[in-house]
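Down below is the structure, laid out as structure tokens.
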Number of protein chains: 2
Amino acid sequence: MRISLTHQRSSTEDLSIMVDLLRASTTITVALDKFKKVIPAESVSEALEISKETGGLLAGERGGETIKGFIGNSPLQIQDYNGETLILTTTNGTRILKSLKSKALIGSLINARAVARAAVELANNEIEIIMAGVNGRFAIEDFLTAGEIIYYLRDYELDEFAKAAMIAAHDKRIVDDMILNSSSALKLKKLGFFEDVKFSIQRNISKNVPIYNGKLIKKYKI
Amino acid sequence: MRISLTHQRSSTEDLSIMVDLLRASTTITVALDKFKKVIPAESVSEALEISKETGGLLAGERGGETIKGFIGNSPLQIQDYNGETLILTTTNGTRILKSLKSKALIGSLINARAVARAAVELANNEIEIIMAGVNGRFAIEDFLTAGEIIYYLRDYELDEFAKAAMIAAHDKRIVDDMILNSSSALKLKKLGFFEDVKFSIQRNISKNVPIYNGKLIKKYKI
């Protein structure tokens, strides 16, 4: 099994793990405790359209700010709601998800171990971990989250970028400090969402493994 | 002062530090103890031409293997020679150097501290550290060497990729292990150059700071 790490783009047709720690990955993972499915939408208008069809609840942000009339892309807010369908549109994560060609899992710190295990079950011979980043830029929280997931895949054949992420994520204290002071976290702090950041850095509190089939996200049953 | 880390491409017009640990950066740093200048050449034919003009000694490799009639791109071999001019052509490092628009220093582990200090002196407001990589791919030895250099620049404004490299290079034991087992190192081992790798992972044994002016490399005098 080959494990590789990439920034934004995916090349595998086997299995991807999309990582957008703050906050799409974490929100989706939590949402699957409350909703049967999450439908990612690229645009606000697409989200509204899907909501008309499905009656699903609307959630999303642009640049971290909650879209008017939607609930936030917030792992904490989402816990106050439940239903059949959540429709989620975010600046980076949901868009990247829609560009993938492979089956995709959604990885965060709260489900790192579970997502790594499921990936090994599902992949034929290649797992590609995709950092969502922020507006095309490298985001340290996604790199370190990838590193944490890769730690659980350390017995497989890691490419050198994957190894780099794994050793960067070696010291939990440093990882926490780096994420809490990341550019994404500081932006969310300004917008009043710092509790979401603190929630997102918890390790392995969820066994939910979100799987995306090209259209919608469900809980993967091992 | 902003510090950023990039892969292969440079955008700054201020100051770059080119990192190609195995072996161009290390060879050039050592060569400046024995030669007054090093001229990087992109191709074998360009190297031969420069040698005709200058009478300089020819060194270089392609894919790690020494070019016939040249001496190796080897920090150990180079110590047996001396002269006015060394002409060096390598697969990755010297080519990237020739593509830069800024003043450039050459960084390795043996001169990490010295190169960081000189960079702060020379830059106006931006230092870009460029990982040479291998044939366009990420190379962990360049990432970790960059991280070591960035450690000496930690009081400045680091971008998140630079921070990631710095924390990945946090533990010397892990760094050594990763570099000694990197794909580049294993290739050099096969070709009989593993002593070069062991030489290259020594920290701060040289105060030489190679500076490239768009044409040739000299020792920067602080």
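Each chain of the structure tokens is named A, B, ... in the order shown, its residues numbered from 1; ligands are numbered from 1 in display order.
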Contact set, chain A to chain B: 9 Å, only C-alpha atoms, as a PyMOL selection string: chain A and resi 138-140+143-144+160-161+163-171+174-175+178+182-183
Contacts of B:Ala119 at 8 Å (only C-alpha atoms; same-chain gap of 5+ positions) as a list of chain:residue names: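 Final neighbour list, sorted by chain and number: B:Leu15, B:Ile17, B:Leu105, B:Ile127.
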Neighbour list for stretch 184-188 of chain A as number ranges by chain, cut-off 9 Å, only C-alpha atoms, skip fewer than 5 positions in-chain: A: 22, 63-65, 134, 139-141, 179, 193-194, 196-197
Output of the above residues as a CSV table (one decimal), in the first residue's frame, restricted to N, CA and C atoms:
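Generated file (again00.csv):
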chain,number,residue,atom,x,y,z
A,22,LEU,N,-10.0,23.0,9.6
A,22,LEU,CA,-10.7,24.2,10.1
A,22,LEU,C,-11.6,24.7,9.0
A,63,GLY,N,-15.0,32.5,3.5
A,63,GLY,CA,-13.9,33.2,4.2
A,63,GLY,C,-14.1,33.1,5.7
A,64,GLY,N,-14.8,32.0,6.2
A,64,GLY,CA,-15.0,31.8,7.6
A,64,GLY,C,-16.3,32.4,8.1
A,65,GLU,N,-16.9,33.3,7.4
A,65,GLU,CA,-18.1,34.0,7.9
A,65,GLU,C,-19.3,33.1,7.5
A,134,VAL,N,-5.8,26.8,2.2
A,134,VAL,CA,-6.7,28.0,2.2
A,134,VAL,C,-6.5,28.8,1.0
A,139,ALA,N,-1.7,25.2,4.3
A,139,ALA,CA,-2.2,25.5,5.6
A,139,ALA,C,-1.7,24.5,6.6
A,140,ILE,N,-1.0,25.0,7.6
A,140,ILE,CA,-0.2,24.2,8.5
A,140,ILE,C,-1.2,23.2,9.3
A,141,GLU,N,-2.4,23.6,9.6
A,141,GLU,CA,-3.3,22.7,10.3
A,141,GLU,C,-3.7,21.5,9.5
A,179,ILE,N,-1.4,24.8,15.6
A,179,ILE,CA,-2.7,25.0,15.1
A,179,ILE,C,-3.5,26.1,15.7
A,193,PHE,N,-15.2,32.3,16.5
A,193,PHE,CA,-15.3,30.8,16.4
A,193,PHE,C,-14.1,30.1,17.0
A,194,PHE,N,-13.5,30.7,18.0
A,194,PHE,CA,-12.3,30.0,18.5
A,194,PHE,C,-12.6,28.7,19.3
A,196,ASP,N,-14.6,26.5,18.2
A,196,ASP,CA,-14.5,25.5,17.1
A,196,ASP,C,-13.1,25.0,16.9
A,197,VAL,N,-12.1,25.9,17.0
A,197,VAL,CA,-10.7,25.5,16.8
A,197,VAL,C,-10.3,24.6,18.0
Atomic separation - atom CA of B:Thr89 relative to atom CA of B:Ala47, Å: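 So the two atoms, atom CA of B:Ala47 and atom CA of B:Thr89, lie 6.8 Å apart.
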Per-residue DSSP, stretch 134-213 of chain A, filtered to alpha helix (DSSP H), as a ChimeraX atom specification: /A:140-151,160-168,172-180,183-190,194-200
Given only C-alpha atoms as the counted atoms, nearest of B:Ala116, B:Ala132, B:Ala41, B:Leu58 to B:Gly214: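 Checking each of B:Ala116, B:Ala132, B:Ala41, B:Leu58 against B:Gly214, counting only C-alpha atoms, the winner is B:Ala41.
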Secondary structure check, strand (DSSP E or B) residues of stretch 106-182 of chain B, as a PyMOL selection string: chain B and resi 106-107+126-131+134+137+157-158
Output N, CA and C atoms for every residue in the selection just made, as a PDB file, in the first residue's frame.
ATOM      1  N   ILE B 106      23.634  29.675  -0.814  1.00  0.00           N
ATOM      2  CA  ILE B 106      23.487  28.231  -0.941  1.00  0.00           C
ATOM      3  C   ILE B 106      23.574  27.617   0.450  1.00  0.00           C
ATOM      4  N   GLY B 107      22.507  26.885   0.803  1.00  0.00           N
ATOM      5  CA  GLY B 107      22.389  26.411   2.178  1.00  0.00           C
ATOM      6  C   GLY B 107      22.421  24.903   2.288  1.00  0.00           C
ATOM      7  N   GLU B 126      12.772  40.135   2.696  1.00  0.00           N
ATOM      8  CA  GLU B 126      12.214  38.833   2.373  1.00  0.00           C
ATOM      9  C   GLU B 126      13.308  37.818   2.072  1.00  0.00           C
ATOM     10  N   ILE B 127      13.213  36.675   2.716  1.00  0.00           N
ATOM     11  CA  ILE B 127      14.129  35.563   2.427  1.00  0.00           C
ATOM     12  C   ILE B 127      13.274  34.382   1.984  1.00  0.00           C
ATOM     13  N   GLU B 128      13.572  33.867   0.814  1.00  0.00           N
ATOM     14  CA  GLU B 128      12.821  32.715   0.319  1.00  0.00           C
ATOM     15  C   GLU B 128      13.769  31.523   0.276  1.00  0.00           C
ATOM     16  N   ILE B 129      13.378  30.458   0.926  1.00  0.00           N
ATOM     17  CA  ILE B 129      14.208  29.258   0.936  1.00  0.00           C
ATOM     18  C   ILE B 129      13.629  28.290  -0.079  1.00  0.00           C
ATOM     19  N   ILE B 130      14.461  27.888  -1.020  1.00  0.00           N
ATOM     20  CA  ILE B 130      13.991  27.072  -2.141  1.00  0.00           C
ATOM     21  C   ILE B 130      14.532  25.660  -2.028  1.00  0.00           C
ATOM     22  N   MET B 131      13.622  24.703  -1.924  1.00  0.00           N
ATOM     23  CA  MET B 131      14.036  23.301  -1.911  1.00  0.00           C
ATOM     24  C   MET B 131      14.249  22.865  -3.360  1.00  0.00           C
ATOM     25  N   VAL B 134      14.057  16.597  -6.191  1.00  0.00           N
ATOM     26  CA  VAL B 134      14.692  15.651  -7.114  1.00  0.00           C
ATOM     27  C   VAL B 134      13.789  15.469  -8.325  1.00  0.00           C
ATOM     28  N   ARG B 137      10.328  16.490  -7.848  1.00  0.00           N
ATOM     29  CA  ARG B 137       9.628  15.927  -6.684  1.00  0.00           C
ATOM     30  C   ARG B 137      10.181  16.486  -5.375  1.00  0.00           C
ATOM     31  N   GLU B 157       9.218  36.658  10.699  1.00  0.00           N
ATOM     32  CA  GLU B 157       7.853  36.269  10.339  1.00  0.00           C
ATOM     33  C   GLU B 157       7.878  35.079   9.369  1.00  0.00           C
ATOM     34  N   LEU B 158       7.642  33.888   9.888  1.00  0.00           N
ATOM     35  CA  LEU B 158       7.723  32.676   9.061  1.00  0.00           C
ATOM     36  C   LEU B 158       6.382  32.389   8.404  1.00  0.00           C
TER      37      LEU B 158
END
Shell of 9 Å around A:Tyr152, only C-alpha atoms, local chain residues under 3 positions omitted, as a PyMOL selection string: chain A and resi 112-113+116-117+148-149+155
Taking all heavy atoms for each residue, export the selection above as a PDB file, in the first residue's frame.
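Below is the file selection_10.pdb, written as the result:
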ATOM      1  N   ALA A 112      -8.944  10.788  13.327  1.00  0.00           N
ATOM      2  CA  ALA A 112      -7.718  10.404  12.604  1.00  0.00           C
ATOM      3  C   ALA A 112      -7.513   8.883  12.575  1.00  0.00           C
ATOM      4  O   ALA A 112      -7.269   8.293  11.515  1.00  0.00           O
ATOM      5  CB  ALA A 112      -6.503  11.094  13.223  1.00  0.00           C
ATOM      6  N   ARG A 113      -7.608   8.264  13.723  1.00  0.00           N
ATOM      7  CA  ARG A 113      -7.337   6.828  13.785  1.00  0.00           C
ATOM      8  C   ARG A 113      -8.389   6.039  12.992  1.00  0.00           C
ATOM      9  O   ARG A 113      -8.061   5.145  12.213  1.00  0.00           O
ATOM     10  CB  ARG A 113      -7.301   6.350  15.238  1.00  0.00           C
ATOM     11  CG  ARG A 113      -6.764   4.943  15.374  1.00  0.00           C
ATOM     12  CD  ARG A 113      -7.043   4.359  16.770  1.00  0.00           C
ATOM     13  NE  ARG A 113      -6.313   5.015  17.822  1.00  0.00           N
ATOM     14  CZ  ARG A 113      -6.857   5.511  18.940  1.00  0.00           C
ATOM     15  NH1 ARG A 113      -8.162   5.421  19.145  1.00  0.00           N
ATOM     16  NH2 ARG A 113      -6.102   6.090  19.850  1.00  0.00           N
ATOM     17  N   ALA A 116      -7.957   6.403   9.200  1.00  0.00           N
ATOM     18  CA  ALA A 116      -6.799   5.656   8.693  1.00  0.00           C
ATOM     19  C   ALA A 116      -7.144   4.166   8.556  1.00  0.00           C
ATOM     20  O   ALA A 116      -6.831   3.536   7.538  1.00  0.00           O
ATOM     21  CB  ALA A 116      -5.602   5.854   9.630  1.00  0.00           C
ATOM     22  N   ARG A 117      -7.805   3.634   9.579  1.00  0.00           N
ATOM     23  CA  ARG A 117      -8.200   2.214   9.520  1.00  0.00           C
ATOM     24  C   ARG A 117      -9.144   1.930   8.372  1.00  0.00           C
ATOM     25  O   ARG A 117      -8.999   0.949   7.646  1.00  0.00           O
ATOM     26  CB  ARG A 117      -8.902   1.813  10.818  1.00  0.00           C
ATOM     27  CG  ARG A 117      -7.908   1.554  11.905  1.00  0.00           C
ATOM     28  CD  ARG A 117      -8.621   0.991  13.135  1.00  0.00           C
ATOM     29  NE  ARG A 117      -7.692   0.993  14.244  1.00  0.00           N
ATOM     30  CZ  ARG A 117      -8.022   0.831  15.508  1.00  0.00           C
ATOM     31  NH1 ARG A 117      -9.293   0.648  15.848  1.00  0.00           N
ATOM     32  NH2 ARG A 117      -7.109   0.827  16.456  1.00  0.00           N
ATOM     33  N   GLU A 148      -0.864  13.398  11.458  1.00  0.00           N
ATOM     34  CA  GLU A 148      -1.481  12.573  12.512  1.00  0.00           C
ATOM     35  C   GLU A 148      -2.146  11.333  11.897  1.00  0.00           C
ATOM     36  O   GLU A 148      -1.997  10.219  12.404  1.00  0.00           O
ATOM     37  CB  GLU A 148      -2.516  13.432  13.252  1.00  0.00           C
ATOM     38  CG  GLU A 148      -3.161  12.765  14.428  1.00  0.00           C
ATOM     39  CD  GLU A 148      -2.438  13.011  15.748  1.00  0.00           C
ATOM     40  OE1 GLU A 148      -1.537  13.873  15.805  1.00  0.00           O
ATOM     41  OE2 GLU A 148      -2.780  12.314  16.724  1.00  0.00           O
ATOM     42  N   ILE A 149      -2.844  11.514  10.806  1.00  0.00           N
ATOM     43  CA  ILE A 149      -3.485  10.375  10.119  1.00  0.00           C
ATOM     44  C   ILE A 149      -2.408   9.413   9.595  1.00  0.00           C
ATOM     45  O   ILE A 149      -2.518   8.194   9.726  1.00  0.00           O
ATOM     46  CB  ILE A 149      -4.396  10.870   8.975  1.00  0.00           C
ATOM     47  CG1 ILE A 149      -5.570  11.690   9.549  1.00  0.00           C
ATOM     48  CG2 ILE A 149      -4.901   9.704   8.120  1.00  0.00           C
ATOM     49  CD1 ILE A 149      -6.367  12.462   8.507  1.00  0.00           C
ATOM     50  N   ASP A 155       3.124   1.912   8.876  1.00  0.00           N
ATOM     51  CA  ASP A 155       3.713   0.634   8.473  1.00  0.00           C
ATOM     52  C   ASP A 155       3.638   0.414   6.965  1.00  0.00           C
ATOM     53  O   ASP A 155       4.165  -0.574   6.460  1.00  0.00           O
ATOM     54  CB  ASP A 155       3.024  -0.516   9.201  1.00  0.00           C
ATOM     55  CG  ASP A 155       3.347  -0.481  10.691  1.00  0.00           C
ATOM     56  OD1 ASP A 155       4.397   0.109  11.048  1.00  0.00           O
ATOM     57  OD2 ASP A 155       2.552  -1.001  11.489  1.00  0.00           O
TER      58      ASP A 155
END
Test item: residues at most 8 Å from B:Asn204, only C-alpha atoms, excluding those fewer than 3 positions along its chain, as a list in words: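 My reading of the contact set: Leu109, Ile110, Asn111, Ala112, Arg113, Ala114 and Lys207 of chain B.
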Same residues, all heavy atoms, output as a tab-separated table (two decimals), in the first residue's frame:
chain	number	residue	atom	x	y	z
B	109	LEU	N	23.31	21.63	5.61
B	109	LEU	CA	23.38	21.45	7.06
B	109	LEU	C	24.74	21.89	7.60
B	109	LEU	O	24.83	22.41	8.71
B	109	LEU	CB	23.11	19.99	7.44
B	109	LEU	CG	21.66	19.54	7.26
B	109	LEU	CD1	21.53	18.03	7.49
B	109	LEU	CD2	20.71	20.29	8.19
B	110	ILE	N	25.80	21.71	6.80
B	110	ILE	CA	27.13	22.05	7.32
B	110	ILE	C	27.33	23.55	7.49
B	110	ILE	O	28.26	23.96	8.18
B	110	ILE	CB	28.28	21.44	6.45
B	110	ILE	CG1	28.27	22.00	5.03
B	110	ILE	CG2	28.22	19.91	6.44
B	110	ILE	CD1	29.53	21.62	4.23
B	111	ASN	N	26.46	24.36	6.87
B	111	ASN	CA	26.61	25.82	7.04
B	111	ASN	C	25.29	26.49	7.41
B	111	ASN	O	25.11	27.70	7.18
B	111	ASN	CB	27.20	26.45	5.77
B	111	ASN	CG	26.19	26.51	4.62
B	111	ASN	OD1	25.14	25.86	4.68
B	111	ASN	ND2	26.51	27.25	3.58
B	112	ALA	N	24.35	25.74	8.00
B	112	ALA	CA	22.99	26.26	8.24
B	112	ALA	C	23.00	27.58	9.03
B	112	ALA	O	22.37	28.56	8.64
B	112	ALA	CB	22.14	25.21	8.96
B	113	ARG	N	23.73	27.59	10.12
B	113	ARG	CA	23.72	28.78	10.97
B	113	ARG	C	24.36	29.97	10.24
B	113	ARG	O	23.82	31.08	10.24
B	113	ARG	CB	24.47	28.50	12.27
B	113	ARG	CG	24.25	29.61	13.31
B	113	ARG	CD	25.24	29.50	14.47
B	113	ARG	NE	25.04	28.32	15.28
B	113	ARG	CZ	26.00	27.45	15.62
B	113	ARG	NH1	27.24	27.61	15.18
B	113	ARG	NH2	25.72	26.41	16.37
B	114	ALA	N	25.49	29.72	9.59
B	114	ALA	CA	26.19	30.81	8.89
B	114	ALA	C	25.34	31.38	7.76
B	114	ALA	O	25.29	32.60	7.56
B	114	ALA	CB	27.52	30.28	8.34
B	207	LYS	N	31.81	27.66	8.06
B	207	LYS	CA	31.32	29.05	8.12
B	207	LYS	C	31.21	29.63	6.71
B	207	LYS	O	30.86	30.80	6.54
B	207	LYS	CB	32.26	29.90	8.98
B	207	LYS	CG	32.18	29.53	10.46
B	207	LYS	CD	32.79	30.64	11.31
B	207	LYS	CE	32.47	30.53	12.80
B	207	LYS	NZ	32.18	29.19	13.33
